$ cat protein16.csv   # CSV, C-alpha atoms
chain,number,residue,atom,x,y,z
Q,1,MET,CA,16.8,9.4,-1.0
Q,2,LEU,CA,13.4,10.6,-2.0
Q,3,SER,CA,12.7,14.4,-2.0
Q,4,PRO,CA,9.1,14.9,-0.9
Q,5,LEU,CA,6.9,17.8,-1.8
Q,6,THR,CA,3.8,19.1,0.1
Q,7,GLY,CA,0.5,20.5,-1.1
Q,8,LEU,CA,-2.7,21.7,0.4
Q,9,SER,CA,-6.0,20.5,-1.0
Q,10,PRO,CA,-8.2,23.5,-2.1
Q,11,LYS,CA,-11.2,21.5,-1.1
Q,12,THR,CA,-10.2,20.5,2.4
Q,13,GLY,CA,-7.1,22.5,3.3
Q,14,LEU,CA,-5.4,19.2,4.3
Q,15,LYS,CA,-1.7,18.7,3.7
Q,16,THR,CA,-0.5,15.9,1.5
Q,17,ASN,CA,3.1,14.8,1.5
Q,18,PHE,CA,4.1,13.3,-1.8
Q,19,ILE,CA,6.8,12.8,-4.5
Q,20,ILE,CA,6.9,13.1,-8.3
Q,21,GLU,CA,10.0,11.9,-9.9
Q,22,GLY,CA,11.1,11.1,-13.5
Q,23,GLN,CA,9.3,11.5,-16.8
Q,24,GLY,CA,7.3,9.2,-19.0
Q,25,PRO,CA,4.2,7.0,-18.5
Q,26,PRO,CA,2.9,7.6,-14.9
Q,27,ILE,CA,3.0,5.0,-12.1
Q,28,VAL,CA,1.2,5.8,-8.8
Q,29,LEU,CA,2.5,4.0,-5.7
Q,30,VAL,CA,0.1,3.6,-2.7
Q,31,HIS,CA,1.5,2.3,0.6
Q,32,GLY,CA,-0.3,0.1,3.0
Q,33,PHE,CA,-1.7,0.4,6.5
Q,34,ALA,CA,0.7,2.2,8.9
Q,35,GLY,CA,3.2,2.7,6.1
Q,36,SER,CA,4.5,5.7,4.2
Q,37,LEU,CA,5.9,6.6,0.8
Q,38,ARG,CA,9.3,5.8,2.2
Q,39,GLN,CA,8.5,2.1,1.6
Q,40,TRP,CA,9.1,2.8,-2.1
Q,41,GLU,CA,12.6,4.1,-1.8
Q,42,MET,CA,14.1,1.1,-3.5
Q,43,LEU,CA,11.5,0.9,-6.3
Q,44,VAL,CA,11.2,4.6,-7.3
Q,45,PRO,CA,14.8,5.0,-8.7
Q,46,ARG,CA,14.4,1.7,-10.6
Q,47,LEU,CA,11.2,2.8,-12.3
Q,48,VAL,CA,12.6,6.3,-13.1
Q,49,ARG,CA,15.7,4.6,-14.7
Q,50,GLU,CA,13.2,2.6,-16.8
Q,51,GLY,CA,11.6,5.7,-18.2
Q,52,PHE,CA,8.5,6.2,-16.0
Q,53,GLN,CA,7.1,9.1,-14.0
Q,54,VAL,CA,6.6,8.0,-10.4
Q,55,LEU,CA,4.1,9.5,-8.0
Q,56,ALA,CA,3.6,8.4,-4.4
Q,57,LEU,CA,2.0,10.0,-1.3
Q,58,ASP,CA,1.5,9.5,2.4
Q,59,LEU,CA,-2.1,8.6,2.9
Q,60,LEU,CA,-4.2,10.6,5.3
Q,61,GLY,CA,-3.1,10.0,8.9
Q,62,HIS,CA,0.2,8.5,7.8
Q,63,GLY,CA,3.8,9.7,7.4
Q,64,ASP,CA,4.0,13.5,7.0
Q,65,SER,CA,0.5,14.0,5.5
Q,66,ALA,CA,-2.2,15.6,7.6
Q,67,LYS,CA,-3.5,14.0,10.7
Q,68,PRO,CA,-6.8,15.7,11.3
Q,69,PRO,CA,-8.7,14.9,14.5
Q,70,ALA,CA,-11.0,12.0,13.9
Q,71,ASN,CA,-13.5,11.3,16.7
Q,72,GLY,CA,-14.0,7.5,16.7
Q,73,GLY,CA,-11.1,6.9,14.4
Q,74,TYR,CA,-10.4,7.3,10.7
Q,75,HIS,CA,-12.9,6.0,8.0
Q,76,ILE,CA,-11.7,4.4,4.8
Q,77,GLU,CA,-13.9,6.7,2.8
Q,78,THR,CA,-12.2,9.7,4.2
Q,79,VAL,CA,-8.7,8.3,3.4
Q,80,TYR,CA,-9.9,7.4,-0.1
Q,81,ALA,CA,-11.3,10.9,-0.7
Q,82,HIS,CA,-8.0,12.4,0.3
Q,83,PHE,CA,-6.2,10.1,-2.1
Q,84,PHE,CA,-8.6,10.8,-4.9
Q,85,ASP,CA,-8.4,14.6,-4.4
Q,86,TRP,CA,-4.6,14.5,-4.5
Q,87,LEU,CA,-4.4,12.3,-7.7
Q,88,ASP,CA,-7.1,14.3,-9.4
Q,89,ARG,CA,-5.0,17.5,-9.0
Q,90,GLN,CA,-1.9,15.9,-10.7
Q,91,THR,CA,-1.1,16.6,-14.4
Q,92,LEU,CA,-0.3,13.2,-15.9
Q,93,ALA,CA,1.1,12.3,-19.3
Q,94,GLY,CA,-1.5,9.6,-19.8
Q,95,PRO,CA,-3.5,7.0,-17.9
Q,96,PRO,CA,-1.6,5.8,-14.8
Q,97,ILE,CA,-0.7,2.4,-13.5
Q,98,LEU,CA,-1.7,2.1,-9.9
Q,99,LEU,CA,0.5,0.0,-7.7
Q,100,GLY,CA,-0.9,-0.6,-4.2
Q,101,HIS,CA,0.3,-2.7,-1.2
Q,102,SER,CA,-2.1,-4.2,1.3
Q,103,MET,CA,-4.5,-1.4,2.3
Q,104,GLY,CA,-3.0,0.7,-0.5
Q,105,ALA,CA,-4.3,-2.1,-2.9
Q,106,TYR,CA,-7.8,-1.6,-1.4
Q,107,ILE,CA,-7.5,2.1,-2.2
Q,108,SER,CA,-6.3,1.4,-5.7
Q,109,LEU,CA,-9.1,-1.1,-6.3
Q,110,ASN,CA,-11.7,1.4,-5.2
Q,111,TYR,CA,-10.2,4.0,-7.6
Q,112,ALA,CA,-10.4,1.5,-10.5
Q,113,ILE,CA,-14.0,0.4,-9.6
Q,114,ARG,CA,-15.5,3.8,-8.7
Q,115,SER,CA,-13.7,6.6,-10.4
Q,116,GLY,CA,-14.6,6.0,-14.0
Q,117,ARG,CA,-11.2,7.3,-14.9
Q,118,LYS,CA,-8.9,5.6,-17.4
Q,119,LEU,CA,-6.2,3.4,-16.0
Q,120,ARG,CA,-3.5,1.6,-17.8
Q,121,GLY,CA,-3.5,-1.2,-15.2
Q,122,LEU,CA,-3.3,-2.3,-11.6
Q,123,ILE,CA,-0.6,-4.0,-9.6
Q,124,LEU,CA,-1.8,-5.3,-6.3
Q,125,VAL,CA,0.7,-6.5,-3.7
Q,126,ASN,CA,-0.5,-8.7,-0.9
Q,127,PRO,CA,-3.8,-7.0,-1.5
Q,128,TYR,CA,-6.4,-6.4,1.3
Q,129,TYR,CA,-9.9,-6.5,-0.2
Q,130,ALA,CA,-12.0,-8.0,2.6
Q,131,ASN,CA,-11.9,-8.3,6.4
Q,132,HIS,CA,-12.1,-12.1,6.3
Q,133,GLN,CA,-8.5,-12.1,5.0
Q,134,LEU,CA,-7.1,-11.1,8.4
Q,135,LEU,CA,-5.3,-13.8,10.3
Q,136,SER,CA,-6.0,-14.4,14.0
Q,137,LEU,CA,-3.1,-12.4,15.5
Q,138,PRO,CA,-3.6,-9.1,13.5
Q,139,ARG,CA,-7.4,-9.6,13.9
Q,140,LEU,CA,-7.0,-9.8,17.7
Q,141,SER,CA,-4.7,-6.7,17.8
Q,142,LEU,CA,-7.2,-4.7,15.8
Q,143,SER,CA,-10.2,-5.8,17.9
Q,144,GLY,CA,-9.1,-3.9,20.9
Q,145,ARG,CA,-8.8,-0.7,19.0
Q,146,LYS,CA,-8.4,1.8,21.9
Q,147,ILE,CA,-5.9,-0.4,23.7
Q,148,SER,CA,-3.9,-0.9,20.5
Q,149,ALA,CA,-3.9,2.9,19.9
Q,150,MET,CA,-2.7,3.5,23.4
Q,151,ILE,CA,0.1,0.9,23.1
Q,152,LEU,CA,1.1,2.4,19.8
Q,153,LYS,CA,1.6,5.8,21.5
Q,154,LEU,CA,3.6,4.4,24.4
Q,155,VAL,CA,5.8,1.7,22.9
Q,156,PRO,CA,9.2,2.8,21.7
Q,157,SER,CA,10.2,2.2,18.1
Q,158,TRP,CA,13.0,-0.2,19.1
Q,159,THR,CA,10.4,-2.6,20.5
Q,160,ILE,CA,8.5,-2.6,17.2
Q,161,ARG,CA,11.8,-3.2,15.4
Q,162,SER,CA,12.7,-6.1,17.7
Q,163,ALA,CA,9.2,-7.6,17.2
Q,164,LEU,CA,9.7,-7.5,13.4
Q,165,ARG,CA,13.0,-9.3,13.7
Q,166,LEU,CA,11.6,-12.1,15.9
Q,167,SER,CA,8.5,-12.6,13.8
Q,168,GLY,CA,10.4,-13.3,10.6
Q,169,ARG,CA,10.8,-16.9,9.4
Q,170,PRO,CA,14.3,-18.3,9.0
Q,171,GLY,CA,16.0,-16.7,6.1
Q,172,GLU,CA,13.3,-14.0,5.8
Q,173,THR,CA,14.3,-11.6,8.4
Q,174,LEU,CA,14.1,-8.0,7.2
Q,175,PRO,CA,17.3,-6.0,7.2
Q,176,ARG,CA,17.8,-3.7,10.2
Q,177,ARG,CA,17.4,-0.6,8.1
Q,178,ILE,CA,14.0,-1.8,6.8
Q,179,ARG,CA,12.8,-2.8,10.2
Q,180,GLN,CA,13.7,0.6,11.6
Q,181,GLN,CA,11.9,2.3,8.7
Q,182,ILE,CA,8.7,0.2,9.3
Q,183,ALA,CA,8.9,0.9,13.1
Q,184,ASP,CA,9.3,4.7,12.4
Q,185,ASP,CA,6.3,4.6,10.1
Q,186,TYR,CA,4.2,2.9,12.8
Q,187,LYS,CA,5.2,5.6,15.3
Q,188,ARG,CA,4.3,8.4,12.8
Q,189,ILE,CA,0.7,7.3,12.2
Q,190,ASP,CA,-2.3,8.9,13.9
Q,191,PRO,CA,-3.5,6.2,16.3
Q,192,GLY,CA,-7.0,6.7,14.9
Q,193,VAL,CA,-6.0,4.8,11.7
Q,194,MET,CA,-6.3,1.6,13.8
Q,195,GLU,CA,-10.0,1.9,13.0
Q,196,LEU,CA,-9.5,1.7,9.2
Q,197,PRO,CA,-10.0,-2.0,8.7
Q,198,HIS,CA,-13.3,-1.8,10.5
Q,199,SER,CA,-14.7,0.7,8.0
Q,200,THR,CA,-13.9,-1.4,4.9
Q,201,ARG,CA,-16.3,-3.5,2.9
Q,202,ASP,CA,-15.8,-6.7,1.0
Q,203,LEU,CA,-14.8,-5.8,-2.6
Q,204,THR,CA,-15.2,-9.4,-4.0
Q,205,PRO,CA,-18.5,-8.7,-5.7
Q,206,MET,CA,-17.0,-5.8,-7.6
Q,207,LEU,CA,-13.8,-7.6,-8.9
Q,208,PRO,CA,-15.5,-9.0,-12.1
Q,209,SER,CA,-16.1,-5.4,-13.2
Q,210,LEU,CA,-12.4,-4.6,-13.5
Q,211,GLU,CA,-11.6,-3.7,-17.1
Q,212,HIS,CA,-7.9,-3.2,-16.7
Q,213,PRO,CA,-5.0,-5.7,-16.8
Q,214,VAL,CA,-4.3,-6.7,-13.2
Q,215,MET,CA,-1.2,-8.2,-11.6
Q,216,VAL,CA,-1.7,-9.8,-8.1
Q,217,ALA,CA,1.6,-10.5,-6.4
Q,218,TRP,CA,2.0,-11.8,-2.9
Q,219,GLY,CA,4.6,-13.1,-0.4
Q,220,GLU,CA,3.8,-16.8,0.1
Q,221,ASN,CA,4.4,-16.6,3.9
Q,222,ASP,CA,2.2,-13.6,4.7
Q,223,GLU,CA,1.5,-13.6,8.4
Q,224,THR,CA,-1.0,-10.7,8.2
Q,225,LEU,CA,-3.4,-11.8,5.5
Q,226,ALA,CA,-4.3,-15.4,4.6
Q,227,ALA,CA,-2.2,-16.3,1.6
Q,228,GLU,CA,-4.9,-18.5,0.1
Q,229,THR,CA,-7.2,-15.5,-0.3
Q,230,PHE,CA,-4.9,-14.0,-3.1
Q,231,PRO,CA,-5.4,-16.8,-5.7
Q,232,ALA,CA,-9.1,-16.9,-4.7
Q,233,MET,CA,-9.3,-13.2,-5.5
Q,234,CYS,CA,-7.7,-13.8,-8.9
Q,235,GLN,CA,-10.6,-16.2,-9.9
Q,236,ASN,CA,-12.9,-13.1,-9.9
Q,237,ILE,CA,-10.7,-10.8,-12.1
Q,238,PRO,CA,-11.2,-11.0,-15.9
Q,239,VAL,CA,-7.6,-10.2,-17.0
Q,240,VAL,CA,-5.1,-11.2,-14.3
Q,241,HIS,CA,-1.5,-12.2,-13.9
Q,242,MET,CA,-0.5,-14.0,-10.7
Q,243,GLU,CA,2.9,-13.8,-9.1
Q,244,ARG,CA,3.8,-15.8,-6.0
Q,245,LEU,CA,6.9,-14.3,-4.3
Q,246,PRO,CA,9.2,-15.3,-1.6
Q,247,GLY,CA,8.7,-13.5,1.7
Q,248,GLY,CA,5.8,-12.4,3.8
Q,249,HIS,CA,3.5,-9.4,3.9
Q,250,VAL,CA,6.1,-7.0,2.5
Q,251,PRO,CA,7.8,-8.8,-0.4
Q,252,HIS,CA,8.7,-5.4,-1.9
Q,253,LEU,CA,10.9,-4.8,1.1
Q,254,SER,CA,12.2,-8.3,2.0
Q,255,HIS,CA,13.0,-9.4,-1.6
Q,256,PRO,CA,13.1,-6.2,-3.6
Q,257,GLU,CA,15.1,-7.5,-6.6
Q,258,VAL,CA,12.6,-10.4,-7.2
Q,259,PHE,CA,9.7,-8.0,-6.8
Q,260,HIS,CA,11.1,-5.3,-9.1
Q,261,GLN,CA,11.8,-7.8,-11.8
Q,262,GLY,CA,8.3,-9.2,-11.7
Q,263,VAL,CA,6.7,-5.8,-11.7
Q,264,LEU,CA,8.8,-4.6,-14.7
Q,265,ARG,CA,8.0,-7.7,-16.7
Q,266,PHE,CA,4.3,-7.2,-16.2
Q,267,ILE,CA,4.5,-3.5,-17.0
Q,268,LYS,CA,6.5,-4.0,-20.2
Q,269,ARG,CA,4.2,-6.8,-21.4
Q,270,MET,CA,1.2,-4.7,-20.7
Q,271,MET,CA,2.6,-1.7,-22.6
Q,272,ALA,CA,3.9,-3.7,-25.5
$ encode --input "protein16.csv" --output "structure tokens"
Amino acid sequence: MLSPLTGLSPKTGLKTNFIIEGQGPPIVLVHGFAGSLRQWEMLVPRLVREGFQVLALDLLGHGDSAKPPANGGYHIETVYAHFFDWLDRQTLAGPPILLGHSMGAYISLNYAIRSGRKLRGLILVNPYYANHQLLSLPRLSLSGRKISAMILKLVPSWTIRSALRLSGRPGETLPRRIRQQIADDYKRIDPGVMELPHSTRDLTPMLPSLEHPVMVAWGENDETLAAETFPAMCQNIPVVHMERLPGGHVPHLSHPEVFHQGVLRFIKRMMA
């Protein structure tokens, strides 16, 4: 069980819920859209045992971090600024590895492209980097943003949990505990975050500028983002390792052991 901390930004006064565990080279975990740092509960102790310091946060509007009023919804730049401010205030033993899932990969890519800070590398899991990746059903659900936000407020978590069970392919159904966790995370977000994908830009033109080793891993049966966009992304990254995984949009939750092994292989090879 993770033991979160809280901190207030001296710049904005906004609360950030986060964890720092272990000692050693730092690895920063960034969850995806409508998630929370709880999605890393299986990965954190594994990384700590391997000798790493692990940091993770709840992004703005998610989990137990601040949910400030946002007229018209949240903007990705505001969420990125909250992440950057939090990470900039941490004392790290060296350049970090950023590991981001989905929208968290978009945040991580922005940090690598824009911050000018030293990184050891990037691990991008089912990464969102452009709006055209969205498949028809999630695109449709996000198009009616106000209706989607209203439904999110009214629908009970057991309905979300049941939908996750029914949407799984044969042999890929998430365990009940994980489905409940995902459902709880959905219910904890500020409905304004439904606007986030509409404020993003296509990062494809910036990918060739990445100077760090990058691992791109994805579940081959992703039903949120088009799977063919992941290898297409890799063609634009100078130093890249591709890892095709079993599962769908959350392979770190559906097939954690396979995911952990792939991540650790990449990290150890990168640090050798």
$ closest_residue --input "protein16.csv" --among "Q:Tyr80, Q:Trp218, Q:Phe33, Q:Trp40" --to "Val258 in chain Q" --atoms "all atoms listed in the file"
Q:Trp218
$ residues_around --input "protein16.csv" --residues "Arg265 in chain Q" --least-positions-apart "3" --cutoff "12 Å" --atoms "all atoms listed in the file" --output "ChimeraX atom specification"
/Q:47,50,123,215,241,243,258-262,268-272
$ residues_near_point --input "protein16.csv" --point "(-2.8, 10.3, 6.2)" --cutoff "9 Å" --atoms "all atoms listed in the file" --output "PDB file with C-alpha atoms, keeping the file's coordinate frame"
ATOM      1  CA  LYS Q  15      -1.700  18.700   3.700  1.00  0.00           C
ATOM      2  CA  THR Q  16      -0.500  15.900   1.500  1.00  0.00           C
ATOM      3  CA  ASN Q  17       3.100  14.800   1.500  1.00  0.00           C
ATOM      4  CA  SER Q  36       4.500   5.700   4.200  1.00  0.00           C
ATOM      5  CA  LEU Q  57       2.000  10.000  -1.300  1.00  0.00           C
ATOM      6  CA  ASP Q  58       1.500   9.500   2.400  1.00  0.00           C
ATOM      7  CA  LEU Q  59      -2.100   8.600   2.900  1.00  0.00           C
ATOM      8  CA  LEU Q  60      -4.200  10.600   5.300  1.00  0.00           C
ATOM      9  CA  GLY Q  61      -3.100  10.000   8.900  1.00  0.00           C
ATOM     10  CA  HIS Q  62       0.200   8.500   7.800  1.00  0.00           C
ATOM     11  CA  GLY Q  63       3.800   9.700   7.400  1.00  0.00           C
ATOM     12  CA  ASP Q  64       4.000  13.500   7.000  1.00  0.00           C
ATOM     13  CA  SER Q  65       0.500  14.000   5.500  1.00  0.00           C
ATOM     14  CA  ALA Q  66      -2.200  15.600   7.600  1.00  0.00           C
ATOM     15  CA  LYS Q  67      -3.500  14.000  10.700  1.00  0.00           C
ATOM     16  CA  PRO Q  68      -6.800  15.700  11.300  1.00  0.00           C
ATOM     17  CA  VAL Q  79      -8.700   8.300   3.400  1.00  0.00           C
ATOM     18  CA  HIS Q  82      -8.000  12.400   0.300  1.00  0.00           C
ATOM     19  CA  PHE Q  83      -6.200  10.100  -2.100  1.00  0.00           C
ATOM     20  CA  ILE Q 189       0.700   7.300  12.200  1.00  0.00           C
ATOM     21  CA  ASP Q 190      -2.300   8.900  13.900  1.00  0.00           C
ATOM     22  CA  VAL Q 193      -6.000   4.800  11.700  1.00  0.00           C
TER      23      VAL Q 193
END
$ atom_distance --input "protein16.csv" --atom1 "CA of Leu245 in chain Q" --atom2 "CA of Ala226 in chain Q"
14.3 Å
$ atom_distance --input "protein16.csv" --atom1 "CA of Asn221 in chain Q" --atom2 "CA of Val30 in chain Q"
21.7 Å
$ residues_near_point --input "protein16.csv" --point "(-6.6, -16.9, -1.0)" --cutoff "12 Å" --atoms "all atoms listed in the file" --output "MDAnalysis selection string"
chainID Q and resid 126:130 132:135 204 216:220 222 225:236 242 244
$ atom_distance --input "protein16.csv" --atom1 "CA of Lys187 in chain Q" --atom2 "CA of Pro69 in chain Q"
16.7 Å
